[in-house]
file query37.txt (compact mmCIF, C-alpha atoms)
# COMPACT_ATOMS: atom_id res chain seq x y z
CA MET R 1 5.22 103.27 33.14
CA LEU R 2 8.24 103.03 30.87
CA ASN R 3 9.21 106.51 31.82
CA GLN R 4 9.11 105.61 35.52
CA LEU R 5 11.27 102.56 34.92
CA VAL R 6 13.90 104.60 33.05
CA GLU R 7 14.02 107.24 35.80
CA SER R 8 14.39 104.65 38.58
CA LYS R 9 17.28 103.00 36.71
CA GLU R 10 19.07 106.33 36.24
CA SER R 11 18.69 107.17 39.93
CA HIS R 12 20.03 103.75 40.89
CA ASN R 13 23.16 104.29 38.72
CA GLY R 14 23.79 107.72 40.22
CA LEU R 15 23.63 106.30 43.74
CA LYS R 16 26.00 103.52 42.78
CA ASN R 17 28.50 106.03 41.37
CA THR R 18 28.34 108.12 44.52
CA LEU R 19 29.04 105.11 46.78
CA LEU R 20 31.99 104.10 44.59
CA LEU R 21 33.53 107.54 44.85
CA ILE R 22 33.08 107.57 48.64
CA THR R 23 34.66 104.10 48.91
CA LEU R 24 37.65 105.15 46.82
CA ALA R 25 38.09 108.26 48.95
CA VAL R 26 37.97 106.25 52.19
CA VAL R 27 40.50 103.73 50.84
CA ALA R 28 42.85 106.54 49.75
CA VAL R 29 42.64 108.23 53.15
CA ALA R 30 43.26 104.91 54.94
CA PHE R 31 46.31 104.24 52.72
CA MET R 32 47.79 107.64 53.44
CA LEU R 33 47.24 107.23 57.18
CA GLY R 34 48.89 103.81 57.15
CA LEU R 35 51.90 105.12 55.20
CA THR R 36 52.32 108.08 57.55
CA TYR R 37 52.09 105.85 60.64
CA SER R 38 54.66 103.43 59.28
CA LEU R 39 57.14 106.26 58.64
CA PHE R 40 56.79 107.74 62.15
CA ALA R 41 56.73 104.33 63.86
CA GLN R 42 60.05 103.18 62.27
CA GLN R 43 63.25 104.05 64.36
CA LEU R 44 65.83 105.68 62.12
CA ALA R 45 69.52 105.40 63.14
CA VAL R 46 72.55 106.98 61.51
CA GLY R 47 74.98 104.32 60.31
CA GLY R 48 74.03 101.52 62.70
CA ASP R 49 75.28 100.28 66.07
CA GLY R 50 79.00 100.47 65.19
CA LEU R 51 78.95 104.21 64.58
CA GLU R 52 77.32 105.27 67.85
CA LEU R 53 78.85 108.62 69.05
CA SER R 54 79.72 108.29 72.74
CA THR R 55 82.85 110.46 73.44
CA LEU R 56 84.31 113.57 71.86
CA VAL R 57 88.11 113.34 71.54
CA ALA R 58 90.24 116.42 70.76
CA PRO R 59 92.75 116.07 67.94
CA PRO R 60 96.40 115.57 69.06
CA ILE R 61 98.57 118.69 69.39
CA PRO R 62 101.37 118.67 66.80
CA ASP R 63 104.95 118.71 68.16
CA GLU R 64 106.77 122.05 68.08
CA ALA R 65 109.27 122.38 65.33
CA PRO R 66 112.89 122.44 66.58
CA PRO R 67 114.54 125.90 66.55
CA PRO R 68 116.78 126.59 63.57
CA PRO R 69 120.48 126.07 64.22
CA GLU R 70 122.47 129.18 65.10
CA PRO R 71 124.94 130.42 62.52
CA GLU R 72 128.53 129.47 63.09
CA GLU R 73 129.63 133.06 63.62
CA ASN R 74 127.30 133.40 66.67
CA GLN R 75 128.39 130.15 68.26
CA PRO R 76 131.13 130.53 70.91
CA LYS R 77 134.47 129.32 69.72
CA LYS R 78 135.98 126.47 71.63
CA GLN R 79 139.08 127.51 73.45
CA ASP R 80 142.00 125.21 73.39
CA THR R 81 143.07 125.08 77.03
CA GLY R 82 145.78 122.53 76.45
CA PRO R 83 149.42 123.58 76.20
CA LYS R 84 150.74 124.39 72.79
CA ILE R 85 154.33 123.38 72.24
CA ALA R 86 156.59 122.65 69.33
CA THR R 87 157.58 119.05 68.59
CA ARG R 88 160.73 117.52 67.08
CA THR R 89 161.49 114.00 66.01
CA GLU R 90 164.95 114.35 67.54
CA ALA R 91 166.81 116.97 69.55
CA ILE R 92 169.30 118.49 67.08
CA ALA R 93 171.41 121.36 68.40
CA ARG R 94 171.11 124.79 66.83
CA ILE R 95 174.05 126.63 65.29
CA ASP R 96 174.22 129.09 68.18
CA MET R 97 174.55 126.29 70.76
CA SER R 98 177.83 124.76 71.84
CA PRO R 99 177.92 121.05 70.85
CA THR R 100 178.39 118.38 73.52
CA GLU R 101 179.69 115.83 71.01
CA PRO R 102 182.02 116.18 68.01
CA PRO R 103 180.01 116.81 64.82
CA LYS R 104 179.58 114.01 62.31
CA ILE R 105 180.71 114.76 58.75
CA SER R 106 178.32 113.62 56.00
CA THR R 107 177.86 114.44 52.31
CA GLU R 108 174.10 113.93 52.41
CA LYS R 109 171.74 116.91 52.54
CA PHE R 110 170.53 117.67 56.03
CA LYS R 111 166.75 117.14 56.16
CA GLY R 112 166.13 117.43 59.88
CA ARG R 113 165.23 120.51 61.93
CA SER R 114 167.15 121.91 64.85
CA ILE R 115 165.51 122.46 68.20
CA PRO R 116 163.59 125.77 68.51
CA ASP R 117 164.52 128.56 70.85
CA ALA R 118 161.36 127.78 72.83
CA PRO R 119 159.88 124.89 74.85
CA PHE R 120 159.56 121.67 72.80
CA LYS R 121 159.03 117.95 73.20
CA ILE R 122 159.96 114.84 71.25
CA GLY R 123 157.18 113.71 68.89
CA LYS R 124 156.53 111.91 65.63
CA THR R 125 156.61 115.06 63.45
CA ASN R 126 158.35 118.42 63.37
CA THR R 127 155.94 121.19 64.24
CA ASP R 128 156.29 124.84 65.28
CA VAL R 129 154.15 127.01 67.51
CA PRO R 130 152.79 130.25 66.00
CA PRO R 131 154.49 133.35 67.42
CA GLY R 132 152.80 134.84 70.46
CA THR R 133 151.22 131.50 71.51
CA ARG R 134 151.44 130.65 75.18
CA THR R 135 153.41 127.45 75.69
CA GLY R 136 153.07 124.78 78.33
CA PRO R 137 156.07 122.68 79.33
CA VAL R 138 159.55 124.13 79.03
CA ARG R 139 162.69 122.40 77.81
CA ALA R 140 164.94 120.86 80.45
CA GLU R 141 168.37 119.31 80.32
CA SER R 142 168.69 116.05 78.41
CA THR R 143 169.06 112.86 80.45
CA GLY R 144 172.03 111.66 78.43
CA GLY R 145 175.13 113.05 76.82
CA GLY R 146 173.72 113.96 73.40
CA PHE R 147 170.80 115.97 72.06
CA GLY R 148 169.14 112.85 70.73
CA ASP R 149 168.36 111.56 74.21
CA ALA R 150 164.97 111.86 75.83
CA VAL R 151 163.97 115.32 76.98
CA THR R 152 162.18 115.79 80.25
CA GLU R 153 159.36 118.28 80.65
CA VAL R 154 158.70 120.48 83.62
CA LYS R 155 155.97 122.96 84.32
CA PRO R 156 156.80 126.62 83.68
CA THR R 157 157.33 128.88 86.62
CA PRO R 158 154.61 131.51 86.93
CA ALA R 159 155.57 135.01 85.93
CA PRO R 160 156.14 137.29 88.90
CA THR R 161 153.23 139.52 89.57
CA LYS R 162 153.92 143.21 89.58
CA LYS R 163 153.18 144.90 92.84
CA PRO R 164 151.01 147.97 92.48
CA VAL R 165 153.03 151.12 92.91
CA ALA R 166 151.65 153.24 95.69
CA ALA R 167 150.59 156.65 94.53
CA PRO R 168 152.47 159.51 96.16
CA PRO R 169 150.54 161.19 98.93
CA PRO R 170 148.76 164.32 97.83
CA LYS R 171 150.46 167.57 98.67
CA PRO R 172 148.80 169.40 101.52
CA PRO R 173 146.84 172.41 100.30
CA LYS R 174 148.43 175.75 100.84
CA PRO R 175 146.88 177.75 103.66
CA PRO R 176 144.71 180.58 102.40
CA VAL R 177 146.28 184.01 102.43
CA PRO R 178 144.44 186.35 104.83
CA LYS R 179 143.07 189.56 103.37
CA ARG R 180 144.33 191.71 106.28
CA ILE R 181 147.00 191.40 108.96
CA SER R 182 147.74 193.45 112.07
CA LYS R 183 151.15 194.98 112.86
CA GLY R 184 150.67 197.27 115.86
CA VAL R 185 152.57 200.60 115.75
CA VAL R 186 153.70 201.27 112.16
CA ASN R 187 155.47 204.63 112.49
CA GLY R 188 158.85 203.17 111.56
CA GLN R 189 157.47 201.40 108.43
CA ALA R 190 156.14 204.55 106.81
CA VAL R 191 157.73 205.81 103.60
CA SER R 192 156.14 209.23 104.11
CA LEU R 193 154.78 210.32 107.49
CA PRO R 194 153.65 214.02 107.51
CA LYS R 195 153.61 215.83 110.85
CA PRO R 196 150.23 217.10 112.06
CA ALA R 197 149.56 220.83 112.48
CA TYR R 198 149.26 222.15 116.04
CA PRO R 199 145.68 223.53 116.33
CA ALA R 200 145.39 227.09 117.67
CA ALA R 201 142.62 226.10 120.08
CA ALA R 202 144.83 223.37 121.57
CA ARG R 203 147.75 225.79 121.81
CA ALA R 204 145.52 228.32 123.64
CA VAL R 205 144.63 225.85 126.36
CA ASN R 206 148.16 224.36 126.28
CA ALA R 207 146.89 220.91 125.21
CA LYS R 208 149.77 218.44 124.97
CA GLY R 209 150.39 214.71 124.91
CA SER R 210 150.31 211.77 122.45
CA VAL R 211 147.46 210.88 120.13
CA SER R 212 147.01 207.29 118.77
CA VAL R 213 145.35 206.95 115.34
CA ALA R 214 144.17 203.52 114.13
CA ILE R 215 144.68 203.18 110.38
CA VAL R 216 144.11 200.58 107.61
CA ILE R 217 146.80 200.43 104.92
CA SER R 218 145.68 199.24 101.48
CA LYS R 219 147.53 196.68 99.31
CA SER R 220 149.17 199.52 97.38
CA GLY R 221 150.48 201.25 100.58
CA SER R 222 148.03 204.15 100.93
CA VAL R 223 145.94 204.77 104.05
CA MET R 224 142.34 203.67 103.51
CA SER R 225 140.93 204.89 106.84
CA ALA R 226 142.15 206.75 109.96
CA ARG R 227 140.45 207.13 113.36
CA ALA R 228 141.89 208.63 116.57
CA VAL R 229 141.41 206.24 119.48
CA SER R 230 143.18 208.12 122.30
CA GLY R 231 144.60 211.58 123.16
CA HIS R 232 143.31 215.10 123.83
CA PRO R 233 140.08 215.83 121.95
CA LEU R 234 141.45 219.09 120.51
CA LEU R 235 144.42 217.22 118.99
CA ARG R 236 142.63 214.22 117.47
CA ARG R 237 141.34 215.86 114.26
CA ALA R 238 144.81 217.18 113.32
CA ALA R 239 146.31 213.73 113.99
CA GLN R 240 143.69 211.96 111.81
CA SER R 241 144.30 214.40 108.92
CA ALA R 242 148.05 213.81 109.02
CA ALA R 243 147.59 209.99 109.22
CA ARG R 244 145.49 209.92 106.02
CA ARG R 245 148.40 211.50 104.10
CA ALA R 246 150.92 208.87 105.22
CA ARG R 247 152.36 206.34 102.70
CA PHE R 248 153.75 202.81 103.25
CA ARG R 249 155.38 200.07 101.20
CA PRO R 250 153.01 197.25 100.08
CA THR R 251 153.06 194.32 102.48
CA LEU R 252 153.48 190.88 100.80
CA LEU R 253 152.42 187.57 102.35
CA SER R 254 153.27 184.37 100.38
CA GLY R 255 154.03 186.62 97.42
CA GLN R 256 150.63 188.31 97.51
CA PRO R 257 149.91 191.87 98.74
CA VAL R 258 147.62 192.15 101.75
CA GLU R 259 145.98 194.91 103.77
CA VAL R 260 147.53 195.94 107.09
CA SER R 261 145.92 197.40 110.19
CA GLY R 262 148.11 199.39 112.55
CA VAL R 263 148.47 202.43 114.77
CA ILE R 264 150.32 205.74 114.22
CA VAL R 265 151.29 207.64 117.39
CA TYR R 266 151.74 211.46 117.25
CA ASN R 267 153.32 213.41 120.11
CA PHE R 268 152.23 217.03 120.68
CA ASN R 269 154.59 219.04 122.92

call {"tool": "encode", "arguments": {"input": "query37.txt", "output": "structure tokens"}}
result
Amino acid sequence: MLNQLVESKESHNGLKNTLLLITLAVVAVAFMLGLTYSLFAQQLAVGGDGLELSTLVAPPIPDEAPPPPEPEENQPKKQDTGPKIATRTEAIARIDMSPTEPPKISTEKFKGRSIPDAPFKIGKTNTDVPPGTRTGPVRAESTGGGFGDAVTEVKPTPAPTKKPVAAPPPKPPKPPVPKRISKGVVNGQAVSLPKPAYPAAARAVNAKGSVSVAIVISKSGSVMSARAVSGHPLLRRAAQSAARRARFRPTLLSGQPVEVSGVIVYNFN
């Protein structure tokens, strides 16, 4: 009986331990579920209401840097368009000018400056114009009797413009020299004019008359070609042979030798 009581007590303790472990497991699971739910249920915001991102704004574009100043040597130089003229505090005559008043004799050293041989005006200081500078007003006659009076200024007269010289008309070209000229009958111009032989066949038939031979004389005076153009057929060959042996003086035209075409006439009697 004691053994049964001990066994029942041990079984009761084991059951109690099992229920305790199950309870602890259920509580742990419930705690984890509650923690997870609370994390997911809470709304997380970055920074709060004041930092809500509503509009994207681009950063401002920086201003372009001004270009560097150009060096002085590249900048255009200002041209002084105003007239440049010498100034004098008083109009004192030069040595080469005839005085209008008798000179004053003084022992003090002369410190002034005579008027320049160029346009000038009365001013507070004595200045000169560099040589080669174009001046504006020109000096006029004084309004009073002496050089110390006021000097009027007038505008300079413009320099006369040179008229362009017309070029001479071109010389007309010389006419070209022809290579050959015609002279007609040239018997009298021959230096040497051999007589033709009388052919025996022409003599047998008593052939007579004149024979005209057209020739071309070269620049040196010799006969280049000969051709009978009229006359008895039996006399033409003898006339052509004699014409080829003829000689003439060179014919000049504008100082240049030219060829000549002409006719030699032979008479057979």

call {"tool": "residues_around", "arguments": {"input": "query37.txt", "residues": "Ser212 (chain R)", "least_positions_apart": "2", "cutoff": "6 Å", "atoms": "all atoms listed in the file", "output": "VMD selection string"}}
result
chain R and resid 228 to 230 264 to 265

call {"tool": "write_last_selection", "arguments": {"input": "query37.txt", "atoms": "C-alpha atoms", "output": "PDB file, in the frame of the given file"}}
result
ATOM      1  CA  ALA R 228     141.890 208.630 116.570  1.00  0.00           C
ATOM      2  CA  VAL R 229     141.410 206.240 119.480  1.00  0.00           C
ATOM      3  CA  SER R 230     143.180 208.120 122.300  1.00  0.00           C
ATOM      4  CA  ILE R 264     150.320 205.740 114.220  1.00  0.00           C
ATOM      5  CA  VAL R 265     151.290 207.640 117.390  1.00  0.00           C
TER       6      VAL R 265
END

call {"tool": "residues_around", "arguments": {"input": "query37.txt", "residues": "Ala190 (chain R)", "least_positions_apart": "3", "cutoff": "10 Å", "atoms": "all atoms listed in the file", "output": "ChimeraX atom specification"}}
result
/R:186-187,193-194,221,246-249,264

call {"tool": "closest_residue", "arguments": {"input": "query37.txt", "among": "R:Gly262, R:Thr127, R:Ser222, R:Ile122", "to": "Arg180 (chain R)", "atoms": "only C-alpha atoms"}}
result
R:Gly262

call {"tool": "atom_distance", "arguments": {"input": "query37.txt", "atom1": "CA of Arg237 (chain R)", "atom2": "CA of Ser192 (chain R)"}}
result
19.1 Å

call {"tool": "residues_near_point", "arguments": {"input": "query37.txt", "point": "(157.6, 115.4, 69.7)", "cutoff": "6 Å", "atoms": "only C-alpha atoms", "output": "ChimeraX atom specification"}}
result
/R:87-89,121-124
